[in-house]
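Source file run-v2.cif; content: mmCIF, C-alpha atoms.
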```
data_upload
loop_
_atom_site.label_atom_id
_atom_site.label_comp_id
_atom_site.auth_asym_id
_atom_site.auth_seq_id
_atom_site.Cartn_x
_atom_site.Cartn_y
_atom_site.Cartn_z
CA MET A 1 -24.31 5.62 -6.34
CA ALA A 2 -22.35 2.78 -4.75
CA GLY A 3 -18.94 4.08 -5.79
CA ILE A 4 -16.17 3.43 -8.28
CA LYS A 5 -14.89 0.31 -6.50
CA ALA A 6 -18.28 -1.37 -6.79
CA PHE A 7 -18.43 -0.47 -10.48
CA VAL A 8 -14.94 -1.80 -11.20
CA ASP A 9 -15.66 -4.98 -9.22
CA SER A 10 -18.91 -5.53 -11.13
CA CYS A 11 -16.97 -5.63 -14.42
CA ASN A 12 -15.10 -8.75 -13.26
CA GLY A 13 -11.86 -7.76 -14.95
CA THR A 14 -13.46 -6.80 -18.29
CA LEU A 15 -13.32 -3.00 -17.87
CA ASP A 16 -11.15 -1.71 -20.72
CA SER A 17 -12.02 2.00 -20.86
CA VAL A 18 -12.73 4.90 -18.53
CA PRO A 19 -16.45 5.73 -18.29
CA ASP A 20 -17.27 9.19 -19.62
CA ARG A 21 -18.29 10.49 -16.18
CA TYR A 22 -14.75 9.81 -14.90
CA MET A 23 -12.85 11.01 -17.96
CA MET A 24 -10.99 14.15 -16.91
CA PRO A 25 -10.55 16.81 -19.62
CA ASN A 26 -6.94 17.42 -18.55
CA GLY A 27 -5.52 13.96 -18.13
CA ALA A 28 -2.09 13.71 -16.54
CA ALA A 29 1.03 12.67 -18.40
CA ASP A 30 3.53 10.31 -16.80
CA VAL A 31 5.87 11.87 -14.25
CA SER A 32 9.22 10.21 -13.61
CA ARG A 33 10.76 12.79 -11.26
CA TYR A 34 10.65 12.31 -7.49
CA ALA A 35 10.40 15.21 -5.07
CA VAL A 36 13.33 15.71 -2.72
CA LEU A 37 11.62 16.04 0.65
CA PRO A 38 13.23 16.20 4.08
CA ILE A 39 12.79 13.38 6.58
CA VAL A 40 12.04 14.74 10.05
CA ASP A 41 12.85 12.36 12.90
CA VAL A 42 10.63 12.86 15.95
CA ALA A 43 13.21 11.03 18.09
CA SER A 44 16.12 13.19 16.94
CA LYS A 45 17.75 15.87 19.09
CA SER A 46 17.37 18.20 16.13
CA PHE A 47 13.63 17.52 15.77
CA GLU A 48 12.47 21.05 16.60
CA ARG A 49 14.96 22.75 14.27
CA ASP A 50 14.30 20.25 11.48
CA LEU A 51 10.53 20.61 11.81
CA VAL A 52 10.54 24.40 11.54
CA ASP A 53 12.94 24.26 8.62
CA ALA A 54 10.76 21.72 6.78
CA CYS A 55 7.60 23.75 7.37
CA ALA A 56 9.12 27.02 6.18
CA LYS A 57 11.10 25.75 3.19
CA TYR A 58 9.11 22.77 1.91
CA GLY A 59 5.56 22.67 3.29
CA MET A 60 5.63 18.87 2.96
CA PHE A 61 7.94 16.30 4.52
CA GLN A 62 8.17 12.68 5.72
CA LEU A 63 7.94 11.99 9.46
CA LYS A 64 9.65 9.01 11.10
CA ASN A 65 9.58 7.59 14.63
CA HIS A 66 6.12 9.11 15.13
CA GLY A 67 4.89 6.29 17.36
CA ILE A 68 1.69 5.54 15.42
CA HIS A 69 0.72 1.96 14.54
CA THR A 70 0.16 2.49 10.83
CA GLU A 71 -0.53 -1.16 9.92
CA ASP A 72 -3.67 -1.44 12.07
CA VAL A 73 -5.18 1.75 10.67
CA MET A 74 -4.58 0.72 7.07
CA ARG A 75 -5.93 -2.78 7.72
CA CYS A 76 -9.20 -1.45 9.15
CA ALA A 77 -9.66 0.94 6.26
CA LEU A 78 -9.05 -1.78 3.70
CA GLU A 79 -11.48 -4.15 5.42
CA PHE A 80 -14.15 -1.46 5.29
CA PHE A 81 -13.70 -0.87 1.56
CA ASN A 82 -13.67 -4.61 0.87
CA SER A 83 -17.00 -5.04 2.67
CA PRO A 84 -20.20 -5.65 0.64
CA SER A 85 -21.60 -2.55 -1.06
CA GLU A 86 -24.93 -2.85 0.75
CA ASP A 87 -23.11 -2.58 4.09
CA LYS A 88 -21.04 0.44 3.05
CA MET A 89 -24.11 2.16 1.60
CA ARG A 90 -25.53 2.44 5.12
CA TYR A 91 -23.07 5.30 5.53
CA TYR A 92 -23.43 6.83 2.07
CA THR A 93 -24.24 10.55 2.11
CA GLU A 94 -23.24 13.82 0.48
CA GLU A 95 -23.72 15.64 3.79
CA ILE A 96 -20.29 17.14 4.50
CA PHE A 97 -20.37 17.37 8.28
CA THR A 98 -22.05 14.09 9.19
CA PRO A 99 -19.92 12.15 11.74
CA VAL A 100 -19.39 9.18 9.38
CA ARG A 101 -19.56 9.73 5.62
CA TYR A 102 -19.03 7.16 2.90
CA CYS A 103 -19.01 8.68 -0.58
CA THR A 104 -17.31 8.62 -3.95
CA SER A 105 -15.35 11.46 -5.58
CA MET A 106 -16.19 14.67 -3.65
CA MET A 107 -19.81 15.68 -4.27
CA PRO A 108 -21.14 13.46 -7.10
CA SER A 109 -24.45 15.28 -7.57
CA LYS A 110 -22.64 18.57 -8.19
CA GLU A 111 -19.62 17.37 -10.19
CA GLU A 112 -19.53 17.18 -13.96
CA LYS A 113 -16.55 14.80 -13.83
CA LEU A 114 -15.84 12.41 -10.98
CA GLU A 115 -12.56 11.52 -9.31
CA TRP A 116 -11.48 7.87 -9.34
CA HIS A 117 -11.83 7.12 -5.63
CA ASP A 118 -14.21 6.19 -2.81
CA HIS A 119 -13.70 7.51 0.70
CA LEU A 120 -14.71 7.04 4.32
CA GLN A 121 -14.68 10.33 6.21
CA MET A 122 -15.13 11.04 9.93
CA TRP A 123 -15.19 14.21 12.07
CA LEU A 124 -13.61 13.56 15.47
CA LYS A 125 -13.23 15.47 18.74
CA GLU A 126 -10.56 14.38 21.21
CA GLU A 127 -12.83 14.40 24.24
CA SER A 128 -15.56 12.27 22.67
CA LEU A 129 -13.71 9.53 20.76
CA GLY A 130 -15.36 6.81 22.82
CA ALA A 131 -18.84 8.12 22.04
CA HIS A 132 -18.19 8.60 18.32
CA PRO A 133 -20.45 6.49 16.04
CA TRP A 134 -17.64 4.47 14.50
CA PRO A 135 -18.41 2.21 11.52
CA ALA A 136 -19.85 -1.11 12.62
CA PHE A 137 -17.32 -3.00 10.51
CA PRO A 138 -14.69 -4.13 10.91
CA ALA A 139 -15.35 -4.75 14.60
CA SER A 140 -11.90 -3.40 15.57
CA TYR A 141 -12.47 0.01 13.92
CA ARG A 142 -13.58 1.71 17.17
CA ASP A 143 -10.49 0.68 19.15
CA VAL A 144 -7.99 1.14 16.32
CA GLY A 145 -9.52 4.41 15.15
CA SER A 146 -9.68 5.87 18.65
CA GLU A 147 -6.04 5.05 19.36
CA TYR A 148 -4.98 6.48 16.00
CA ALA A 149 -6.91 9.71 16.57
CA ARG A 150 -5.54 10.14 20.11
CA ASN A 151 -1.99 9.76 18.81
CA ILE A 152 -2.57 12.23 15.98
CA PHE A 153 -4.00 14.80 18.41
CA LYS A 154 -0.97 14.31 20.69
CA LEU A 155 1.54 14.52 17.85
CA GLY A 156 -0.19 17.49 16.25
CA LYS A 157 -0.22 19.47 19.50
CA ARG A 158 3.48 18.84 20.02
CA MET A 159 4.26 20.00 16.51
CA LEU A 160 2.11 23.15 16.82
CA LEU A 161 4.08 24.18 19.92
CA VAL A 162 7.32 23.96 17.95
CA MET A 163 5.87 25.60 14.86
CA SER A 164 4.56 28.50 16.93
CA GLU A 165 8.06 29.32 18.13
CA GLY A 166 9.23 28.99 14.53
CA LEU A 167 6.95 31.91 13.64
CA GLY A 168 8.39 34.01 16.45
CA LEU A 169 5.23 33.59 18.54
CA ARG A 170 4.93 32.43 22.13
CA THR A 171 4.93 28.66 22.40
CA SER A 172 1.19 28.13 22.99
CA ARG A 173 -0.10 30.68 20.46
CA LEU A 174 -0.93 28.21 17.66
CA LEU A 175 -2.62 25.84 20.09
CA GLU A 176 -4.80 28.73 21.25
CA ALA A 177 -5.72 29.44 17.64
CA PHE A 178 -6.65 25.75 17.33
CA GLU A 179 -8.82 25.82 20.44
CA ASP A 180 -11.55 23.16 20.37
CA MET A 181 -9.74 21.55 17.44
CA VAL A 182 -11.30 18.93 15.23
CA LEU A 183 -9.75 16.03 13.38
CA LEU A 184 -11.10 15.01 10.00
CA THR A 185 -9.96 11.53 9.00
CA ARG A 186 -10.40 10.37 5.43
CA ALA A 187 -9.57 6.91 4.13
CA ASN A 188 -9.34 6.86 0.32
CA PHE A 189 -9.53 3.81 -1.95
CA TYR A 190 -8.39 4.11 -5.58
CA PRO A 191 -9.20 1.03 -7.73
CA ALA A 192 -6.97 0.06 -10.63
CA CYS A 193 -7.92 2.12 -13.69
CA PRO A 194 -7.87 0.85 -17.31
CA ASN A 195 -6.45 4.14 -18.65
CA PRO A 196 -4.69 6.19 -15.95
CA ARG A 197 -3.99 9.04 -18.37
CA GLN A 198 -7.70 9.75 -18.67
CA ALA A 199 -8.67 9.75 -14.99
CA LEU A 200 -7.44 11.25 -11.71
CA GLY A 201 -7.61 9.84 -8.22
CA MET A 202 -7.82 13.41 -6.95
CA GLU A 203 -7.40 16.64 -8.84
CA GLY A 204 -4.72 19.11 -7.83
CA HIS A 205 -5.72 20.81 -4.57
CA THR A 206 -4.49 22.14 -1.26
CA ASP A 207 -5.74 20.68 2.03
CA SER A 208 -8.34 22.69 3.89
CA GLY A 209 -7.20 21.89 7.43
CA GLY A 210 -4.17 23.00 9.39
CA LEU A 211 -1.83 20.02 9.51
CA THR A 212 -2.25 16.92 7.34
CA PHE A 213 -0.87 13.48 8.23
CA VAL A 214 -1.05 10.85 5.47
CA LEU A 215 -0.49 7.11 5.64
CA GLN A 216 -0.02 5.57 2.21
CA ASP A 217 0.66 2.06 1.02
CA GLY A 218 3.62 1.21 -1.19
CA VAL A 219 1.80 1.63 -4.50
CA GLY A 220 2.58 5.33 -4.94
CA GLY A 221 0.51 7.95 -6.74
CA LEU A 222 0.77 11.02 -4.52
CA GLN A 223 2.33 13.97 -6.36
CA LEU A 224 3.13 17.54 -5.35
CA LYS A 225 3.67 20.63 -7.47
CA GLN A 226 6.87 22.64 -7.15
CA GLY A 227 7.06 25.63 -9.46
CA GLU A 228 5.44 24.59 -12.74
CA ASP A 229 6.27 20.88 -12.44
CA TRP A 230 4.72 17.86 -10.75
CA TYR A 231 6.85 15.43 -8.74
CA ASN A 232 6.13 12.00 -7.28
CA VAL A 233 6.19 11.61 -3.51
CA ARG A 234 8.06 8.40 -2.78
CA PRO A 235 6.17 6.09 -0.38
CA LEU A 236 8.47 5.19 2.52
CA GLU A 237 7.44 2.31 4.74
CA GLY A 238 6.13 3.28 8.16
CA MET A 239 6.46 7.03 7.61
CA LEU A 240 3.80 9.73 7.69
CA VAL A 241 3.67 12.29 4.91
CA VAL A 242 2.99 15.65 6.60
CA ASN A 243 1.97 18.82 4.82
CA MET A 244 0.71 22.27 5.67
CA GLY A 245 -2.98 23.01 5.07
CA ASP A 246 -4.84 26.19 4.25
CA GLN A 247 -5.58 27.07 7.88
CA LEU A 248 -1.86 27.30 8.66
CA GLU A 249 -1.33 29.54 5.66
CA VAL A 250 -4.42 31.70 6.12
CA ARG A 251 -5.58 31.66 9.72
CA LEU A 252 -2.24 31.26 11.37
CA SER A 253 0.88 32.33 9.55
CA ASN A 254 -0.32 35.01 7.08
CA GLY A 255 1.44 33.14 4.29
CA ARG A 256 4.70 32.23 6.05
CA TYR A 257 3.82 28.53 6.11
CA LYS A 258 2.50 27.49 2.69
CA SER A 259 -0.19 24.94 1.90
CA ILE A 260 1.03 22.65 -0.87
CA LEU A 261 -0.69 21.85 -4.16
CA HIS A 262 -0.87 18.08 -4.61
CA ARG A 263 -2.87 15.43 -6.46
CA VAL A 264 -3.29 11.66 -6.66
CA MET A 265 -2.65 9.54 -9.75
CA VAL A 266 -4.11 6.11 -10.44
CA ASN A 267 -2.54 3.16 -12.23
CA SER A 268 -3.69 0.20 -14.29
CA LYS A 269 -2.00 -2.56 -12.29
CA SER A 270 -3.19 -2.23 -8.71
CA SER A 271 -5.46 -0.39 -6.33
CA ARG A 272 -4.13 2.17 -3.83
CA LEU A 273 -5.11 2.97 -0.24
CA SER A 274 -4.32 6.02 1.87
CA VAL A 275 -5.54 7.39 5.20
CA GLY A 276 -5.34 11.13 5.79
CA ALA A 277 -5.84 12.95 9.10
CA PHE A 278 -6.52 16.68 8.88
CA LEU A 279 -6.05 18.60 12.12
CA GLY A 280 -7.91 21.90 12.12
CA PRO A 281 -9.46 24.54 14.36
CA SER A 282 -13.06 24.56 15.53
CA LEU A 283 -15.55 24.54 12.67
CA ASP A 284 -16.92 27.82 14.03
CA ALA A 285 -13.50 29.52 14.17
CA GLU A 286 -12.98 32.63 12.06
CA ILE A 287 -10.23 32.09 9.52
CA SER A 288 -7.92 35.09 9.36
CA PRO A 289 -4.21 35.73 10.03
CA ILE A 290 -3.03 35.85 13.64
CA PRO A 291 -2.88 39.57 14.59
CA GLU A 292 0.71 39.31 15.84
CA LEU A 293 1.80 38.41 12.30
CA VAL A 294 0.01 41.36 10.67
CA SER A 295 1.66 44.77 10.40
CA GLN A 296 1.94 47.73 8.07
CA GLU A 297 4.91 46.04 6.45
CA SER A 298 3.10 42.68 6.34
CA PRO A 299 -0.64 43.35 5.91
CA ALA A 300 -3.25 40.60 6.11
CA LYS A 301 -3.16 38.62 2.86
CA TYR A 302 -6.43 36.75 3.35
CA ARG A 303 -10.00 37.70 4.17
CA SER A 304 -11.93 36.20 7.05
CA ARG A 305 -14.09 33.09 6.72
CA THR A 306 -15.37 30.55 9.26
CA TYR A 307 -13.80 27.11 8.93
CA ARG A 308 -17.27 25.59 8.47
CA ASP A 309 -18.10 27.94 5.56
CA TYR A 310 -14.64 27.36 4.12
CA MET A 311 -15.08 23.59 4.15
CA HIS A 312 -18.54 23.83 2.62
CA GLU A 313 -17.29 25.94 -0.27
CA VAL A 314 -14.27 23.70 -0.83
CA TYR A 315 -16.50 20.65 -1.20
CA THR A 316 -19.12 22.32 -3.36
CA GLU A 317 -17.21 24.92 -5.38
CA HIS A 318 -13.49 25.35 -4.76
CA PHE A 319 -11.88 21.96 -4.29
CA SER A 320 -9.71 22.01 -7.40
CA GLY A 321 -6.61 24.21 -7.18
CA LYS A 322 -5.51 26.38 -4.28
CA ASN A 323 -8.38 27.09 -1.93
CA VAL A 324 -7.24 30.11 0.07
CA TYR A 325 -9.24 33.32 -0.08
CA VAL A 326 -7.06 36.28 -0.86
CA ALA A 327 -7.83 39.57 0.87
#
```

Conversion result in C-alpha cells:
Amino acid sequence: MAGIKAFVDSCNGTLDSVPDRYMMPNGAADVSRYAVLPIVDVASKSFERDLVDACAKYGMFQLKNHGIHTEDVMRCALEFFNSPSEDKMRYYTEEIFTPVRYCTSMMPSKEEKLEWHDHLQMWLKEESLGAHPWPAFPASYRDVGSEYARNIFKLGKRMLLVMSEGLGLRTSRLLEAFEDMVLLTRANFYPACPNPRQALGMEGHTDSGGLTFVLQDGVGGLQLKQGEDWYNVRPLEGMLVVNMGDQLEVRLSNGRYKSILHRVMVNSKSSRLSVGAFLGPSLDAEISPIPELVSQESPAKYRSRTYRDYMHEVYTEHFSGKNVYVA
C-alpha cells in the first residue's frame, strides 16, 4: 500500500469523493474557535515560571526562541514525501520499532478505517545519531535530521530540569526517570481531501511519549479538546507547539501534568505537513508514577507497563482516545 498521497496524486485532480476505507464514521464538523494557549519564551527571564505554569494549567503551549532551524527540517520532510513512490516504498513497513518506518495511517492491516495521512517515523538515540540509518533522500536528511535531534534532546533536557522542580522534586529527578531516553520523530503528510467532513488526518488521541515538540506549516488543522469542545491551534510562524505526553502523566507526575487530547483535520484546498518529535524514556522502562509523588493521600493512579509494551498497544489497539492505563 503506497499511501494516501500516491493515491491522490494518481487521480490527477479528478478525486471527488472519499474512498470508503478512509470514510470515518464520526466525521468532524467545522470548528471556528481557536484555543487560547500561552506562549513560552525560552529567552525570557520568566521562562522557568512560565514553563511550569503552562505545563500545569494547559498541557499544551507555543514555544518561541527555541533555537531550532525549523525551515530545514520541514524542507527535508517535504522532499521525502514528494519523492517517487517506488523510492519511499523501500522504507515501507508496519513494524513499529524499525529505525526508519514509512507507512500510511497507523497500522493499515489492522485498521477498519484509515487516517488521511502518510508518515515517516524514526527512533533516535542521542549517542548514535551519526550511525543512524537515515533516509537516503534527500541527501541533506542526515545532517539536518541529526542537528534537529541534537537540539531537541538539549531543549528537552533543559525543560525536564525545570519541570522537575515544578513538581516539587529535586532538579534532576525527571532526567533520571528518562534515563537512556529515546526520541521518536514523525513527519506527517496530509494531502488535500475532497470532503474533509468525512475523513480525519488523525483521530483524537494523546501522545504516548513524555514531551512532544511539533513543527507545523501555516495551513492549520491541529485541534485540541478542552472540556467537551474542540478548538483550533493557531499555527504561528517559527514556533514549536509543545504538549505533555502520556509518560509525563503516568510515569512521572501521577496525573499532575496532563497529556492532552488532540486530533488533525484535513481540508479540500491544500496539503499539510507537520514534524513531531516525541521525547520519551527508554523503551524498556517501566511506566508507573514516580514514588515521591505517591502517598496515602495521593495513591498511584496508573498501573505499570513498559514503554515498549505501551507503544505496541497504542499502535495496534489503543491509539484513538486517551491512552493511559488507569490503576

Select, from A:Asp50, A:Asp72, A:Asp229, A:Asp309, the residue with the minimum atom-to-atom distance to Val144 (chain A), counting all atoms listed in the file.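 Using all atoms listed in the file, the shortest distance to Val144 (chain A) belongs to A:Asp72.
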
So that I can see what lies close to Ala149 (chain A), please list as a PyMOL selection string the residues with an atom at most 9 Å from it, counting all atoms listed in the file and leaving out residues fewer than 2 positions away in the same chain. chain A and resi 124-126+129+144-147+151-154+183+185+277

Determine the nearest neighbour of Ser304 (chain A) from the options A:Thr316, A:Lys157, A:Val250, A:Arg263, counting all atoms listed in the file.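 Nearest to Ser304 (chain A): A:Val250.
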
Would you kindly return, as an MDAnalysis selection string, each protein, DNA or RNA residue with an atom no farther than 9 Å from any atom of Phe81 (chain A), considering all atoms listed in the file and excluding same-chain residues fewer than 2 positions away? chainID A and resid 5 76:79 83:85 88 118:120 188:189

Please work out which residues fall within 12 Å of (6.8, 22.2, -8.8), coordinates as given in the file, with all atoms listed in the file counting, and return them as a PyMOL selection string. chain A and resi 31+33-36+58+204+223-233+260-262

Give me the residues near Asp16 (chain A) as a list in words, where near means some atom within 10 Å (using all atoms listed in the file) and where sequence neighbours in that chain fewer than 5 positions away do not count.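 Using all atoms listed in the file, the neighbours found are Cys11, Cys193, Pro194 and Asn195 of chain A.
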
Tell me which of A:Gln62, A:Thr14, A:Thr212, A:Ser270 sits closest to Gly156 (chain A), counting only C-alpha atoms.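 Comparing A:Gln62, A:Thr14, A:Thr212, A:Ser270 against Gly156 (chain A), the winner is A:Thr212.
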
Two-atom distance - CA of Glu176 (chain A), CA of Leu279 (chain A) (Å):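 Computed distance, CA of Glu176 (chain A) to CA of Leu279 (chain A), equals 13.7 Å.
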
Given the PyMOL selection byres ((chain A and resi 70) around 12), the residues it picks as an MDAnalysis selection string: chainID A and resid 64:69 71:77 144:145 147:149 151:152 213:217 237:241 274:276

Residues picked by the PyMOL selection byres ((chain A and resi 25) around 12) here, as a list of chain:residue names?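 Selected by the PyMOL selection byres ((chain A and resi 25) around 12) here: A:Asp20, A:Arg21, A:Tyr22, A:Met23, A:Met24, A:Asn26, A:Gly27, A:Ala28, A:Glu112, A:Lys113, A:Leu114, A:Glu115, A:Arg197, A:Gln198, A:Ala199, A:Leu200, A:Glu203.
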
Selection file, C-alpha atoms, as an mmCIF file, in the frame of the given file:
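Contents of again35.cif, freshly written:
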```cif
data_model
loop_
_atom_site.group_PDB
_atom_site.id
_atom_site.type_symbol
_atom_site.label_atom_id
_atom_site.label_comp_id
_atom_site.auth_asym_id
_atom_site.auth_seq_id
_atom_site.Cartn_x
_atom_site.Cartn_y
_atom_site.Cartn_z
ATOM 1 C CA ASP A 20 -17.270 9.190 -19.620
ATOM 2 C CA ARG A 21 -18.290 10.490 -16.180
ATOM 3 C CA TYR A 22 -14.750 9.810 -14.900
ATOM 4 C CA MET A 23 -12.850 11.010 -17.960
ATOM 5 C CA MET A 24 -10.990 14.150 -16.910
ATOM 6 C CA ASN A 26 -6.940 17.420 -18.550
ATOM 7 C CA GLY A 27 -5.520 13.960 -18.130
ATOM 8 C CA ALA A 28 -2.090 13.710 -16.540
ATOM 9 C CA GLU A 112 -19.530 17.180 -13.960
ATOM 10 C CA LYS A 113 -16.550 14.800 -13.830
ATOM 11 C CA LEU A 114 -15.840 12.410 -10.980
ATOM 12 C CA GLU A 115 -12.560 11.520 -9.310
ATOM 13 C CA ARG A 197 -3.990 9.040 -18.370
ATOM 14 C CA GLN A 198 -7.700 9.750 -18.670
ATOM 15 C CA ALA A 199 -8.670 9.750 -14.990
ATOM 16 C CA LEU A 200 -7.440 11.250 -11.710
ATOM 17 C CA GLU A 203 -7.400 16.640 -8.840
#
```

Of the residues A:Ala192, A:Val42, A:Ile287, A:Val264, which is the one nearest to Ile4 (chain A), using only C-alpha atoms?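 Among the listed residues, A:Ala192 lies closest to Ile4 (chain A).
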